[in-house]
file protein06.pdb (PDB, C-alpha atoms)
ATOM      1  CA  MET A   1       0.000   0.000   0.000
ATOM      2  CA  SER A   2       1.541   3.294  -1.131
ATOM      3  CA  ARG A   3       1.298   6.558   0.715
ATOM      4  CA  ALA A   4       1.507  10.165  -0.458
ATOM      5  CA  PHE A   5       4.476  12.407   0.302
ATOM      6  CA  THR A   6       3.977  14.714   3.204
ATOM      7  CA  LEU A   7       4.518  18.467   2.788
ATOM      8  CA  LEU A   8       7.711  18.266   4.857
ATOM      9  CA  GLU A   9       9.144  15.514   2.653
ATOM     10  CA  ALA A  10       8.325  17.509  -0.471
ATOM     11  CA  LEU A  11      10.000  20.614   0.942
ATOM     12  CA  ILE A  12      13.113  18.608   1.859
ATOM     13  CA  ALA A  13      13.273  17.150  -1.665
ATOM     14  CA  VAL A  14      12.926  20.592  -3.244
ATOM     15  CA  GLY A  15      15.606  21.973  -0.920
ATOM     16  CA  MET A  16      18.023  19.195  -1.874
ATOM     17  CA  MET A  17      17.403  19.853  -5.566
ATOM     18  CA  VAL A  18      18.085  23.567  -5.080
ATOM     19  CA  LEU A  19      21.350  22.764  -3.289
ATOM     20  CA  LEU A  20      22.424  20.376  -6.044
ATOM     21  CA  LEU A  21      21.596  22.920  -8.767
ATOM     22  CA  GLY A  22      23.510  25.608  -6.869
ATOM     23  CA  ALA A  23      26.546  23.366  -6.505
ATOM     24  CA  LEU A  24      26.388  22.509 -10.219
ATOM     25  CA  ALA A  25      26.189  26.200 -11.148
ATOM     26  CA  MET A  26      29.219  26.988  -8.980
ATOM     27  CA  PHE A  27      31.151  24.098 -10.556
ATOM     28  CA  VAL A  28      30.352  25.312 -14.080
ATOM     29  CA  GLU A  29      31.334  28.869 -13.153
ATOM     30  CA  ASP A  30      34.643  27.721 -11.632
ATOM     31  CA  LEU A  31      35.340  25.580 -14.683
ATOM     32  CA  SER A  32      34.683  28.556 -16.972
ATOM     33  CA  ARG A  33      37.015  30.795 -14.950
ATOM     34  CA  THR A  34      39.724  28.121 -15.016
ATOM     35  CA  ARG A  35      39.443  27.747 -18.788
ATOM     36  CA  GLN A  36      39.639  31.520 -19.235
ATOM     37  CA  PHE A  37      42.718  31.700 -16.986
ATOM     38  CA  VAL A  38      44.467  28.896 -18.875
ATOM     39  CA  ALA A  39      43.663  30.487 -22.245
ATOM     40  CA  ARG A  40      44.853  33.911 -21.056
ATOM     41  CA  THR A  41      48.088  32.485 -19.617
ATOM     42  CA  ALA A  42      48.781  30.577 -22.835
ATOM     43  CA  ALA A  43      48.212  33.727 -24.911
ATOM     44  CA  GLU A  44      50.552  35.719 -22.668
ATOM     45  CA  THR A  45      53.270  33.060 -22.907
ATOM     46  CA  ARG A  46      52.982  32.878 -26.701
ATOM     47  CA  SER A  47      53.054  36.667 -26.981
ATOM     48  CA  ALA A  48      56.109  37.096 -24.759
ATOM     49  CA  ASP A  49      58.010  34.294 -26.509
ATOM     50  CA  ALA A  50      57.200  35.713 -29.961
ATOM     51  CA  LEU A  51      58.248  39.244 -28.999
ATOM     52  CA  PHE A  52      61.457  38.254 -27.219
ATOM     53  CA  GLY A  53      62.381  35.800 -29.962
ATOM     54  CA  ALA A  54      61.874  38.321 -32.774
ATOM     55  CA  LEU A  55      63.949  41.011 -31.068
ATOM     56  CA  GLU A  56      66.693  38.612 -29.998
ATOM     57  CA  ALA A  57      67.070  37.271 -33.555
ATOM     58  CA  ALA A  58      67.154  40.775 -35.034
ATOM     59  CA  LEU A  59      69.658  42.162 -32.522
ATOM     60  CA  GLN A  60      72.110  39.304 -33.163
ATOM     61  CA  THR A  61      73.044  40.893 -36.506
ATOM     62  CA  ALA A  62      71.906  44.489 -36.015
ATOM     63  CA  VAL A  63      73.830  47.236 -37.826
ATOM     64  CA  VAL A  64      74.729  50.703 -36.600
ATOM     65  CA  ASP A  65      74.130  52.465 -39.916
ATOM     66  CA  GLY A  66      71.453  51.278 -42.301
ATOM     67  CA  GLY A  67      72.489  53.666 -45.085
ATOM     68  CA  ASN A  68      69.504  55.246 -46.783
ATOM     69  CA  ARG A  69      67.240  53.435 -44.311
ATOM     70  CA  GLY A  70      68.637  55.370 -41.368
ATOM     71  CA  ALA A  71      69.874  54.189 -37.989
ATOM     72  CA  GLY A  72      70.209  50.466 -37.416
ATOM     73  CA  VAL A  73      68.627  50.592 -33.950
ATOM     74  CA  THR A  74      66.145  53.316 -33.062
ATOM     75  CA  GLY A  75      63.540  53.293 -30.341
ATOM     76  CA  THR A  76      61.620  54.851 -27.498
ATOM     77  CA  ASP A  77      60.231  53.321 -24.330
ATOM     78  CA  ARG A  78      57.196  52.044 -26.294
ATOM     79  CA  SER A  79      58.669  51.009 -29.644
ATOM     80  CA  ILE A  80      61.861  49.790 -31.288
ATOM     81  CA  ARG A  81      63.087  49.243 -34.849
ATOM     82  CA  VAL A  82      66.084  47.066 -35.686
ATOM     83  CA  LEU A  83      67.789  46.788 -39.068
ATOM     84  CA  SER A  84      69.684  43.536 -39.337
ATOM     85  CA  SER A  85      71.582  41.645 -42.004
ATOM     86  CA  ARG A  86      69.359  38.637 -41.419
ATOM     87  CA  THR A  87      66.288  37.982 -39.266
ATOM     88  CA  ASP A  88      67.245  34.498 -38.080
ATOM     89  CA  ALA A  89      70.655  33.383 -36.845
ATOM     90  CA  GLY A  90      69.752  29.920 -38.080
ATOM     91  CA  SER A  91      71.892  26.804 -38.040
ATOM     92  CA  GLY A  92      72.628  26.298 -41.725
ATOM     93  CA  SER A  93      75.936  25.785 -43.480
ATOM     94  CA  VAL A  94      78.684  28.415 -43.472
ATOM     95  CA  ALA A  95      77.853  29.275 -47.089
ATOM     96  CA  GLU A  96      74.160  29.729 -46.272
ATOM     97  CA  LEU A  97      74.937  31.961 -43.291
ATOM     98  CA  ALA A  98      77.374  34.007 -45.363
ATOM     99  CA  ARG A  99      74.778  34.582 -48.088
ATOM    100  CA  ALA A 100      72.213  35.599 -45.464
ATOM    101  CA  ALA A 101      74.668  37.995 -43.783
ATOM    102  CA  PHE A 102      75.196  39.933 -47.033
ATOM    103  CA  SER A 103      71.556  39.962 -48.076
ATOM    104  CA  PRO A 104      69.584  43.240 -48.028
ATOM    105  CA  LEU A 105      68.868  44.609 -44.579
ATOM    106  CA  SER A 106      65.651  43.472 -42.945
ATOM    107  CA  ALA A 107      63.655  45.610 -40.516
ATOM    108  CA  THR A 108      62.005  44.342 -37.337
ATOM    109  CA  GLN A 109      59.568  46.852 -35.838
ATOM    110  CA  VAL A 110      57.820  46.469 -32.464
ATOM    111  CA  ASP A 111      55.138  48.921 -31.347
ATOM    112  CA  GLN A 112      52.556  49.176 -28.590
ATOM    113  CA  ASN A 113      49.220  50.404 -29.912
ATOM    114  CA  GLY A 114      46.815  50.771 -27.014
ATOM    115  CA  ALA A 115      46.338  47.318 -25.494
ATOM    116  CA  ASN A 116      48.023  45.532 -28.411
ATOM    117  CA  ILE A 117      51.604  44.887 -29.479
ATOM    118  CA  THR A 118      52.413  44.587 -33.168
ATOM    119  CA  ILE A 119      55.527  43.055 -34.710
ATOM    120  CA  GLY A 120      56.447  43.951 -38.267
ATOM    121  CA  ARG A 121      58.991  41.943 -40.265
ATOM    122  CA  GLY A 122      59.603  41.790 -43.995
ATOM    123  CA  GLY A 123      56.665  44.074 -44.735
ATOM    124  CA  VAL A 124      54.257  41.841 -42.790
ATOM    125  CA  SER A 125      52.739  43.020 -39.518
ATOM    126  CA  SER A 126      51.122  40.781 -36.901
ATOM    127  CA  THR A 127      49.366  41.528 -33.610
ATOM    128  CA  LEU A 128      50.208  39.439 -30.569
ATOM    129  CA  PRO A 129      47.221  37.603 -29.026
ATOM    130  CA  ALA A 130      47.576  38.871 -25.434
ATOM    131  CA  THR A 131      46.399  42.311 -24.335
ATOM    132  CA  VAL A 132      48.866  44.449 -22.414
ATOM    133  CA  ARG A 133      48.669  47.268 -19.931
ATOM    134  CA  ALA A 134      52.136  48.458 -20.870
ATOM    135  CA  MET A 135      55.349  47.606 -22.670
ATOM    136  CA  ARG A 136      58.626  49.239 -21.594
ATOM    137  CA  VAL A 137      61.801  49.210 -23.661
ATOM    138  CA  ARG A 138      65.101  50.358 -22.135
ATOM    139  CA  TYR A 139      68.576  50.679 -23.640
ATOM    140  CA  TRP A 140      71.863  50.235 -21.765
ATOM    141  CA  TYR A 141      74.453  52.570 -23.259
ATOM    142  CA  ASP A 142      77.416  54.520 -21.903
ATOM    143  CA  GLY A 143      77.031  53.063 -18.413
ATOM    144  CA  GLY A 144      73.327  53.688 -17.826
ATOM    145  CA  TRP A 145      69.748  52.991 -18.880
ATOM    146  CA  GLY A 146      67.942  55.253 -21.336
ATOM    147  CA  ASP A 147      64.356  55.289 -22.587
ATOM    148  CA  SER A 148      65.321  56.161 -26.163
ATOM    149  CA  PHE A 149      68.167  55.296 -28.506
ATOM    150  CA  ASP A 150      69.526  56.108 -31.965
ATOM    151  CA  SER A 151      72.550  54.124 -33.113
ATOM    152  CA  LEU A 152      73.591  56.775 -35.658
ATOM    153  CA  ASN A 153      73.722  59.488 -33.008
ATOM    154  CA  ALA A 154      75.416  57.142 -30.520
ATOM    155  CA  GLY A 155      77.870  55.802 -33.091
ATOM    156  CA  THR A 156      77.372  52.282 -31.764
ATOM    157  CA  LEU A 157      74.741  49.736 -30.773
ATOM    158  CA  PRO A 158      73.261  49.541 -27.259
ATOM    159  CA  ALA A 159      75.010  46.952 -25.094
ATOM    160  CA  VAL A 160      71.656  45.655 -23.821
ATOM    161  CA  VAL A 161      68.013  46.066 -24.807
ATOM    162  CA  GLU A 162      65.530  45.242 -22.045
ATOM    163  CA  VAL A 163      61.832  44.670 -22.719
ATOM    164  CA  GLY A 164      59.245  44.462 -19.923
ATOM    165  CA  LEU A 165      55.614  43.455 -20.357
ATOM    166  CA  TRP A 166      52.603  44.084 -18.106
ATOM    167  CA  PHE A 167      49.605  41.996 -19.152
ATOM    168  CA  GLY A 168      45.900  42.603 -18.556
ATOM    169  CA  ALA A 169      43.392  45.393 -19.003
ATOM    170  CA  THR A 170      44.448  48.983 -18.537
ATOM    171  CA  GLN A 171      43.368  50.478 -15.226
ATOM    172  CA  ALA A 172      43.373  53.961 -13.766
ATOM    173  CA  GLY A 173      46.717  54.826 -12.183
ATOM    174  CA  ASP A 174      48.649  52.137 -14.084
ATOM    175  CA  GLU A 175      51.237  54.619 -15.300
ATOM    176  CA  GLU A 176      52.210  55.446 -11.735
ATOM    177  CA  GLU A 177      51.806  52.006 -10.141
ATOM    178  CA  LEU A 178      52.830  49.366 -12.667
ATOM    179  CA  GLY A 179      55.029  47.468 -10.232
ATOM    180  CA  ALA A 180      57.281  44.676 -11.444
ATOM    181  CA  PRO A 181      56.658  43.482 -15.024
ATOM    182  CA  ASP A 182      54.905  40.152 -15.601
ATOM    183  CA  ARG A 183      57.601  39.177 -18.106
ATOM    184  CA  VAL A 184      60.966  40.803 -18.758
ATOM    185  CA  ARG A 185      64.014  39.940 -20.816
ATOM    186  CA  ALA A 186      67.361  41.684 -21.206
ATOM    187  CA  ILE A 187      68.972  40.977 -24.573
ATOM    188  CA  ALA A 188      72.730  41.477 -24.939
ATOM    189  CA  VAL A 189      73.752  42.890 -28.333
ATOM    190  CA  PRO A 190      76.859  41.004 -29.529
ATOM    191  CA  ASP A 191      78.267  43.698 -31.850
ATOM    192  CA  ALA A 192      77.957  46.635 -29.433
ATOM    193  CA  ALA A 193      81.296  48.387 -28.909
ATOM    194  CA  GLY A 194      82.693  47.377 -25.530
ATOM    195  CA  ALA A 195      79.569  45.343 -24.770
ATOM    196  CA  GLU A 196      81.254  43.083 -22.222
ATOM    197  CA  ALA A 197      82.766  45.944 -20.229
ATOM    198  CA  ASP A 198      79.611  48.031 -20.503
ATOM    199  CA  PHE A 199      77.187  45.281 -19.489
ATOM    200  CA  PRO A 200      75.312  46.209 -16.276
ATOM    201  CA  ALA A 201      76.262  44.188 -13.211
ATOM    202  CA  LYS A 202      72.692  43.585 -12.075
ATOM    203  CA  VAL A 203      70.330  42.884 -14.951
ATOM    204  CA  PRO A 204      68.086  39.846 -15.534
ATOM    205  CA  ALA A 205      69.763  37.765 -18.231
ATOM    206  CA  THR A 206      66.633  35.759 -18.907
ATOM    207  CA  GLU A 207      62.902  36.334 -18.788
ATOM    208  CA  ALA A 208      61.130  36.380 -15.452
ATOM    209  CA  MET A 209      57.517  35.894 -14.439
ATOM    210  CA  ARG A 210      55.992  37.652 -11.481
TER     211      ARG A 210
END
call {"tool": "encode", "arguments": {"input": "protein06.pdb", "output": "structure tokens"}}
result
Amino acid sequence: MSRAFTLLEALIAVGMMVLLLGALAMFVEDLSRTRQFVARTAAETRSADALFGALEAALQTAVVDGGNRGAGVTGTDRSIRVLSSRTDAGSGSVAELARAAFSPLSATQVDQNGANITIGRGGVSSTLPATVRAMRVRYWYDGGWGDSFDSLNAGTLPAVVEVGLWFGATQAGDEEELGAPDRVRAIAVPDAAGAEADFPAKVPATEAMR
């Protein structure tokens, strides 16, 4: 013989269903946040690696004087252009490297445009996937850091080029309170005059993550 549910039993059942639905909603929300975090971190890693790799390759064979194309290395704290004899140090034969070294100069241009960073090489420009609050470029020359550089005026290449990246959306007061960069790399320039003696004693030789 069956019996009907009492009002109390029905209320308990409804309450349990509400709790289960709430727990499921929280799980889905946490899963969504985790996926967004992983995607954002992956985009930031790809962006930093692409930027550092492009600049490091270009600076390996940068020139001081690009002839009718101007200075070999010019830049501010938000952009840099490098003229180099080849864009990739590569690992080919001696003959292949020699041909590449005497090929026409190639320009690598890095700019911050709002929340995006663009890299231009060989007439092709690409935008990195991660958004940034700021990019800072510094140049070690003549025993100190500078926020701008021109290799023609200096008569040499900078001993070190340091690039710092702050990821995320721009917020009020960021210019004054950026703090430590999320990623930073200091790139030594091999052909800079007196680079070894001029290299700063305390500078991160590799990238760092906050």
call {"tool": "residues_around", "arguments": {"input": "protein06.pdb", "residues": "stretch 38-49 of chain A", "least_positions_apart": "2", "cutoff": "6 Å", "atoms": "all atoms listed in the file", "output": "list in words"}}
result
Arg35, Gln36, Leu51, Phe52, Gly53, Leu128, Pro129 and Ala130 of chain A
call {"tool": "atom_distance", "arguments": {"input": "protein06.pdb", "atom1": "atom CA of A:Thr127", "atom2": "atom CA of A:Ala115"}}
result
10.4 Å
call {"tool": "residues_around", "arguments": {"input": "protein06.pdb", "residues": "A:Arg133", "least_positions_apart": "4", "cutoff": "6 Å", "atoms": "all atoms listed in the file", "output": "compact mmCIF listing (two decimals) with C-alpha atoms, in the frame of the given file"}}
result
# COMPACT_ATOMS: atom_id res chain seq x y z
CA TRP A 166 52.60 44.08 -18.11
CA PHE A 167 49.60 42.00 -19.15
CA GLY A 168 45.90 42.60 -18.56
CA ALA A 169 43.39 45.39 -19.00
CA THR A 170 44.45 48.98 -18.54
call {"tool": "residues_around", "arguments": {"input": "protein06.pdb", "residues": "A:Ser125", "least_positions_apart": "3", "cutoff": "12 Å", "atoms": "only C-alpha atoms", "output": "MDAnalysis selection string"}}
result
chainID A and resid 107:111 117:122 128
call {"tool": "atom_distance", "arguments": {"input": "protein06.pdb", "atom1": "atom CA of A:Asp77", "atom2": "atom CA of A:Asp147"}}
result
4.9 Å
call {"tool": "decode", "arguments": {"input": "protein06.pdb", "residues": "stretch 136-154 of chain A", "atoms": "C-alpha atoms", "output": "PDB file, in the first residue's frame"}}
result
ATOM      1  CA  ARG A 136      58.626  49.239 -21.594  1.00  0.00           C
ATOM      2  CA  VAL A 137      61.801  49.210 -23.661  1.00  0.00           C
ATOM      3  CA  ARG A 138      65.101  50.358 -22.135  1.00  0.00           C
ATOM      4  CA  TYR A 139      68.576  50.679 -23.640  1.00  0.00           C
ATOM      5  CA  TRP A 140      71.863  50.235 -21.765  1.00  0.00           C
ATOM      6  CA  TYR A 141      74.453  52.570 -23.259  1.00  0.00           C
ATOM      7  CA  ASP A 142      77.416  54.520 -21.903  1.00  0.00           C
ATOM      8  CA  GLY A 143      77.031  53.063 -18.413  1.00  0.00           C
ATOM      9  CA  GLY A 144      73.327  53.688 -17.826  1.00  0.00           C
ATOM     10  CA  TRP A 145      69.748  52.991 -18.880  1.00  0.00           C
ATOM     11  CA  GLY A 146      67.942  55.253 -21.336  1.00  0.00           C
ATOM     12  CA  ASP A 147      64.356  55.289 -22.587  1.00  0.00           C
ATOM     13  CA  SER A 148      65.321  56.161 -26.163  1.00  0.00           C
ATOM     14  CA  PHE A 149      68.167  55.296 -28.506  1.00  0.00           C
ATOM     15  CA  ASP A 150      69.526  56.108 -31.965  1.00  0.00           C
ATOM     16  CA  SER A 151      72.550  54.124 -33.113  1.00  0.00           C
ATOM     17  CA  LEU A 152      73.591  56.775 -35.658  1.00  0.00           C
ATOM     18  CA  ASN A 153      73.722  59.488 -33.008  1.00  0.00           C
ATOM     19  CA  ALA A 154      75.416  57.142 -30.520  1.00  0.00           C
TER      20      ALA A 154
END
